[in-house]
Each structure stands twice: as structure tokens, then as C-alpha cells.
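Heads up: the structure comes next, in C-alpha cells.
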Amino acid sequence: MCLNFIGHLCLPYQKAVPLSITWQDDSGDEEPSSQSDKSELHSSLKSLSSKLEDLSTCNELIAKHGAALQRSLSELEYLKFPIESGEKIKSVTERATLFRITSNAMINACRDFLQLAETHSRKWHRVLQHEREQRIRLEETIEQLAKQHNSLERACRGAPDLSSGPICVSKTTKRGVHPVIKDTSDEDDETEYFDAMEDTPPFITVTADPKHHRSAKSNQSGTSTVLSEDGNQTSHMFSTVCGIPKPMRTRRTQIPDKPNYSLNLWSIMKNCIGKELSKIPMPINFNEPLSMLQRLTEDLEYHELLDKAATLQSSLEQMCFVAAFSVSSYSTTVHRTGKPFNPLLGETFELDRMEESGYRSLCEQVSHHPPAAAHHVISKRGWTLWQEITIASKFRGKYLSIMPLGCIHLEFPSSGNHYVWRKVTSTVHNIIVGRLWVDQSGDIDIVNYKTKDMCHLKFTPYSYFSRDVPRKVSGVVEDVDGKAHFVLSGSWDEKMECARIVDSSNSIAITDEKEKQKTVYQTLPPTLLWQKYPLPENAENMYFFSELALTLNAPEDKVAPTDSRLRPDQRLMENGKWDEANIEKQRLEEKQRAVRRLRESEAGVALDEGVDYEGYQPMWFERKLDPISGEISSVYKGGYWEQKDRNDWSLCPDIF
């Protein structure tokens, strides 16, 4: 009976505790909206703590008096004389009375605690619900303001001028590439990039038994043994790709930890809606200690893929490695939410890894409005890469869209294979509220202009409801006749695989009461093309930099005076001196504006005098017509590495 009584006594306490825990779980991520709310919360928590102390004291007393009562009851069994019996019964009665009083106190304390917890739980739930509704209304208002701002911008500009729009590759042609005009300044204003449930790949893959397809290789001319018909070359091939000797020179493996500085994000962002990111004076708190030129150089993190591609005789297999390389350039962005420094006009960045990795890379900021960077890489292992990238970025209230414009060219001189492709859209979500995260979405068409082979890659936008692998990338490699030879699959933050197609057929897939025709590819087991390197130790405190990124801003001898490594604000930020870095950043930007005003004044004088004004000309690149894309782009004209060998930088401008 005593045990039943104690169990019944504890029941209200068991019901009361989960209520307090439920309230903590529901509101643990919310902050009190005002000082009065904080005071009220502190007072309520103090009351609950006091009640808990009372319960704890009652619990100790019940345990103490209960044990004494149990001993007294046990002693009654051994009584021999009536006198002793009377004294013991009196003692037992006293102890039972104490136990009853303590138990009643325990019950009352439990009841008070339960009532207090229920009262405050309902009140805090209403406050929490109100705050959530306010936050949702604020997000909707910001988004609506961004849309209205974009609409006003378009109305002010009037009808778009087709003659001034950038040229891009049309995706409607099956073979070859035709230049078409596209206005990307307000690309997909309404696009959210959240739900991809309807956007499924137009094909299905089924793995075949390699024993029944031994003759596949003999029916395909020009194929090498790297992607053989048995599909079991994974470990051998990956060791071949990544088996290039590691750098002989010791490079730095860490930088100073990122300081923990707080910043009022809303006070800055409310003035940025709808504006070009490059035109907004942003504090370095949003940056990472690398420039856009260095970030562009990070595309070479997995240059071994191109080294391997240069050794292949089959253009279709080579296309697989080129596709894996195009995907690998996004692998470092998954945790990189910091904004790189906008390069100053004339700023350069070199990466000379000829002895270690067989390539030399040079970037230069060739235009300021719009911002454009030119990049040229030459490798002694049989490939050359060049590109000019212009970044169009828009802040749209809840997310930031980054649209790289321009073509990437890759040429293998030994075979004459010339590949061209464009980058996809990057999106940074939760700019105002929540944790920042990065996504990549869109399509990449890689075209070999010699053989007309094509690879179509699809970057599936992240969807909470999708069953697909997050950050999924899928694609097909086709020859000039449109016949598919390889299926590519993987994710842009982890790995890419390819599988040789041995047979194909059509099937009907029913989705949402609609019939869609899909191609079923029967493939050999997949082969690993690329896998991401693990991040260095303590990367979370070093801006999530990769091994290559950690070395990019390390001081180097004999670099040009315009090199990003010599930029003072960037160096101060890397060393943790953020206040000094912000001051230095403003000084550099004002110096650049003064030079631009002087150049505009000279242009005005030349116009008045009726003479031509050449304007700013890049130092190491020149503007030429690209015969493939039909665009005017910046191409390396030579001379940089020769000037470095002579240590003669007398022609470089003073930009820092």
C-alpha cells in the first residue's frame, strides 16, 4: 500500500516535468523580443526553479521519514512486552504523521508547479506564435519589396536592347552551337530553387550484367581501356587520376582562425534589395580572405582530371573526364558562404605550379563595370584552359542569385579537341533569417567543337520533398549522331561516376496522371571519375578552405605588384584585424573611384577636342572575337611570365 501511495504521489510530478521540457524545446531557438520579455522570462524561470527546489526538499524528507517508518514497522514484529509495545506504537504513529504531512506538502508542491507551468506554457506559446507570424510577414514583405524594385528597374530601362545583350549558347540545338541573344540581368525573378519534384531526368538507368556484354568494346572504335566493358577499373582508374605526385614544395596548411564578430545584418541588407552586389559597399564581415581571382583559380583544384583526359584517345571518354572537371569546381562551395573580395581594376593573381603540378595560371581583372575577370592556364601535360567570367548577382530578399556569364574553353592540342561550356547559377539561401546555405542549379552543355560530341549535365536544385540524393548531378554523353554512350551521375559536393551504355529503349512513365516518355539506358557497373578531397583539420574555423585555398594567399616572391596576395585589406582580414581591414578597403575603393573619375574626365576632354580616347586597356589580356561563341572576350596576349623571369614590373599600374 505504501508503494502504491508513493507512486500515486509522483504522478502529478511526472506530468508536470514534460510540460516544462516541451516549452523549452519549442522556444529554445527564439529570443525574447524586448527587455520586458526578458525580465518576465527571468522572473518566471526563477519561480519555477523555486518550486523545483521545494519538490526536491519534499522528496528528501519523504525518503527520510519513509525509511524511518519502515524501520519502526519492522521493529513491531519483535516486541515481547506490552510496555515496549505501547512505546513503539506511539513512535510509529508519530512517524506516520510526519510522513503524511510531508506527502501532502509534496502533493501541494506538485500541484502548484503543474499549474504554474501550464499557465506560463500557454502564455509563452502565444508569444512564440506571434513572433513567428511577425517573422513570416517580414519575409513576405521583403520579398515583395524586392519584386517591386526589380519591376521598377525594368520599367525605367524600358524595352531591352537586343544589340547590347550578352550572347550565350542555345540549348535548343542538338548538334553544334548557335549564338543567341539573352538578357540575364533579371534572370528568373520569381524563381525560388526549392522544389524539383516535377523536374525529373528524361532517362532511367539499369545496370546490366557485364558478362553478357563482353562484345561491347569490340563494337566501339577508338575506345581505350580506362572505361572498359567490365566496369571494374574503379580503383585502378582513380589511382591513375589522383596518382600525380604531390607537391614537392612545402605549402602552408593553416591560416589564423576566423574571429567571431557580430554584425547587424538587417541594417545593411535593407538597402541592398535589387541592387548589383558589386555596387554595394559591403563590410569585410561578409567576406572571406580571398579575391574573386583566387576563387576563380580554385577551379584547378582537381587539375589531375584534365591531365588524365589529355592521355585518352577516345573523345567520348575524354568528355567524361572534362564533365567531371566541370562539376568538381563546385565542390569547394558547399560550405563557403563568405563573399570573395571584388578585385580592383588591373588586379592580377598568378599561380605557378609548373614544377609541382605542370601548369601555370594567370588571372586579371579586365573590367570594373561590369566586373569581368580573364583567366588563362597552360599545362605541360597537354591542355590549355581560358575563360572570361562576368558575375551578375542579385539580392532578392531571402536569397542571393549569382549568375556567371561567359564561356570556358578547354583545348587539347595533341588531338585538337576543343570543349566549351558555361557555369550554372549559384544561390545563397536564408540571407536574412536562418542558416546560410549554398545550392547550384541549372544545366551545363559541354560541346566538343571538333567532333561535335556533347555532354548535357543537369544540376538538380535542392528540394526538401525530393527523394533524390542532395546536390545531385546527372548527365549523358552523346556523339555527333545523338547516340548516347555514357551516363554520368553523382553530386557536385562529393563524387562523379560514369557508366558505359550497352543498350537503350523507350518506356512510358506516369507521373501526376501524365504520361512521359523516358529512355531506359542499360549500362555496365559505374566507374569512379572524381571524388572530393576531405577538408583540412579545423577547416570550420578557417572559412572552410580546401588545401589549395589555404595556399592561395600565402606570400610569394617576385609576383607582380598588382597580385592579390599584396592587397592590404585582404591581408589584414586574414590576420584577424577586421577593423583595420574595413578602413583599408574603403581607402582602396575610394582610390579606384578617383582613378575612374580622372579617366572619365580625360575621355570628356578628348571628346571635346575631337580625338579618339582609347580608355583602359588590360595589361596581359586583349579583347578579341571568339569565333566559336561569337562573343568579344579577353584572351591572354603573352608577356607576363617573361616579365616575371626578368623581374621587371615597371609597366604595372599602382592600384594598392
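Every chain in the C-alpha cells takes a letter, A first, then B, and so on in the order presented; its residues are numbered from 1, and the ligands are numbered from 1 following the presented order.
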
Fill in: Polymer residues at most 7 Å from Glu350 of chain A, only C-alpha atoms, same-chain spacing of 5 or more positions, as number ranges by chain
A: 361-363

How would the residues just picked look written out with all heavy atoms as a JSON list (two decimals), in the first residue's frame?
[["chain", "number", "residue", "atom", "x", "y", "z"],
["A", 361, "SER", "N", 48.93, 29.44, -64.05],
["A", 361, "SER", "CA", 47.63, 30.10, -64.14],
["A", 361, "SER", "C", 47.80, 31.59, -63.91],
["A", 361, "SER", "O", 48.57, 32.01, -63.04],
["A", 361, "SER", "CB", 46.67, 29.51, -63.10],
["A", 361, "SER", "OG", 45.51, 30.29, -62.97],
["A", 362, "LEU", "N", 47.08, 32.39, -64.71],
["A", 362, "LEU", "CA", 47.11, 33.84, -64.55],
["A", 362, "LEU", "C", 45.70, 34.39, -64.69],
["A", 362, "LEU", "O", 44.99, 34.05, -65.64],
["A", 362, "LEU", "CB", 48.01, 34.49, -65.61],
["A", 362, "LEU", "CG", 48.04, 36.02, -65.61],
["A", 362, "LEU", "CD1", 48.65, 36.55, -64.32],
["A", 362, "LEU", "CD2", 48.78, 36.56, -66.83],
["A", 363, "CYS", "N", 45.29, 35.23, -63.74],
["A", 363, "CYS", "CA", 44.01, 35.92, -63.78],
["A", 363, "CYS", "C", 44.24, 37.42, -63.73],
["A", 363, "CYS", "O", 45.18, 37.90, -63.09],
["A", 363, "CYS", "CB", 43.13, 35.52, -62.58],
["A", 363, "CYS", "SG", 42.54, 33.83, -62.60]]

Discussion item. Using only C-alpha atoms, which protein or nucleic acid residues come within 9 Å of Tyr521 of chain A? Drop anything in the same chain fewer than 2 positions from it, and give the result as a list in words.
Written reply: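 In the requested form, the answer reads Phe203, Ile204, Thr205, Val206, Thr207, Ala484, Val487, Ile501, Val502, Asp503, Ser504, Ser505, Asn506, Thr519 and Thr523 of chain A.
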
Worksheet entry | Contacts of segment 555-568 of chain A within 6 Å, only C-alpha atoms, excl. fewer than 3 positions in-chain, as a count of residues only | 4

What are the nearest atom pairs, with distances in Å to one decimal, for all residues of segment 386-421 of chain A that come at most 9 Å from segment 307-323 of chain A, using only C-alpha atoms, set out by chain and rising residue number as a tab-separated table?
residue	atom	partner	partner_atom	distance
A:Leu410	CA	A:Val322	CA	8.7
A:Phe412	CA	A:Ala310	CA	6.4
A:Pro413	CA	A:Ala310	CA	9.0
A:Ser414	CA	A:Ala310	CA	8.1
A:Ser415	CA	A:Gln313	CA	8.0
A:Asn417	CA	A:Ser315	CA	7.5
A:Tyr419	CA	A:Val322	CA	8.2

Can you write out the residues you just picked, keeping N, CA, C and O atoms, as a tab-separated table (two decimals), in the first residue's frame?
chain	number	residue	atom	x	y	z
A	410	LEU	N	38.42	24.83	-73.24
A	410	LEU	CA	39.45	23.84	-72.89
A	410	LEU	C	39.90	23.16	-74.16
A	410	LEU	O	39.08	22.61	-74.90
A	412	PHE	N	42.83	20.51	-76.08
A	412	PHE	CA	43.90	19.52	-76.02
A	412	PHE	C	44.64	19.58	-77.35
A	412	PHE	O	44.15	19.05	-78.36
A	413	PRO	N	45.80	20.24	-77.40
A	413	PRO	CA	46.49	20.46	-78.67
A	413	PRO	C	46.84	19.19	-79.43
A	413	PRO	O	46.82	19.18	-80.67
A	414	SER	N	47.15	18.11	-78.74
A	414	SER	CA	47.57	16.89	-79.43
A	414	SER	C	46.46	16.31	-80.30
A	414	SER	O	46.72	15.78	-81.38
A	415	SER	N	45.22	16.40	-79.85
A	415	SER	CA	44.09	15.85	-80.60
A	415	SER	C	43.28	16.94	-81.31
A	415	SER	O	42.50	16.64	-82.21
A	417	ASN	N	40.93	18.53	-79.89
A	417	ASN	CA	39.62	18.59	-79.26
A	417	ASN	C	39.48	19.91	-78.49
A	417	ASN	O	40.34	20.26	-77.66
A	419	TYR	N	36.74	22.01	-76.16
A	419	TYR	CA	35.50	21.92	-75.39
A	419	TYR	C	35.10	23.31	-74.89
A	419	TYR	O	35.95	24.11	-74.49

Item to complete: Please report, as a PyMOL selection string, each residue of segment 375-588 of chain A to which DSSP assigns alpha helix (DSSP H) when run on this structure's backbone.
Response: chain A and resi 547-552+568-574+578-588

Worksheet entry | Glu589 of chain A environment, 12 Å, only C-alpha atoms, sequence neighbours closer than 6 positions dropped, as a VMD selection string | chain A and resid 278 to 283 341 to 345 368 567 569 582 to 583 595 to 596 655 to 656

Worksheet, complete the sentence: Glu388 of chain A proximity check over A:Trp437, A:Trp530, A:Tyr616, A:Tyr636, using only C-alpha atoms: winner is A:Tyr636

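Computed from the coordinates, the atom CA of Arg132 of chain A to atom CA of Ile432 of chain A distance equals 14.4 Å.
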
Per residue of segment 481-538 of chain A within 12 Å of segment 448-457 of chain A, record the nearest atom pair and its distance in Å to one decimal, counting only C-alpha atoms, with rows in chain order and ascending residue number, as a Markdown table.
| residue | atom | partner | partner_atom | distance |
| --- | --- | --- | --- | --- |
| A:Asp481 | CA | A:Asp453 | CA | 8.4 |
| A:Gly482 | CA | A:Asp453 | CA | 8.2 |
| A:Lys483 | CA | A:Asp453 | CA | 9.6 |
| A:Ala484 | CA | A:Cys455 | CA | 9.3 |
| A:His485 | CA | A:Cys455 | CA | 10.1 |
| A:Phe486 | CA | A:Cys455 | CA | 9.2 |
| A:Val487 | CA | A:Cys455 | CA | 9.4 |
| A:Leu488 | CA | A:Leu457 | CA | 8.1 |
| A:Ser489 | CA | A:Leu457 | CA | 9.1 |
| A:Gly490 | CA | A:Leu457 | CA | 10.7 |
| A:Ser491 | CA | A:Leu457 | CA | 11.2 |
| A:Trp492 | CA | A:Leu457 | CA | 11.0 |
| A:Met496 | CA | A:Leu457 | CA | 11.4 |
| A:Cys498 | CA | A:Cys455 | CA | 11.9 |
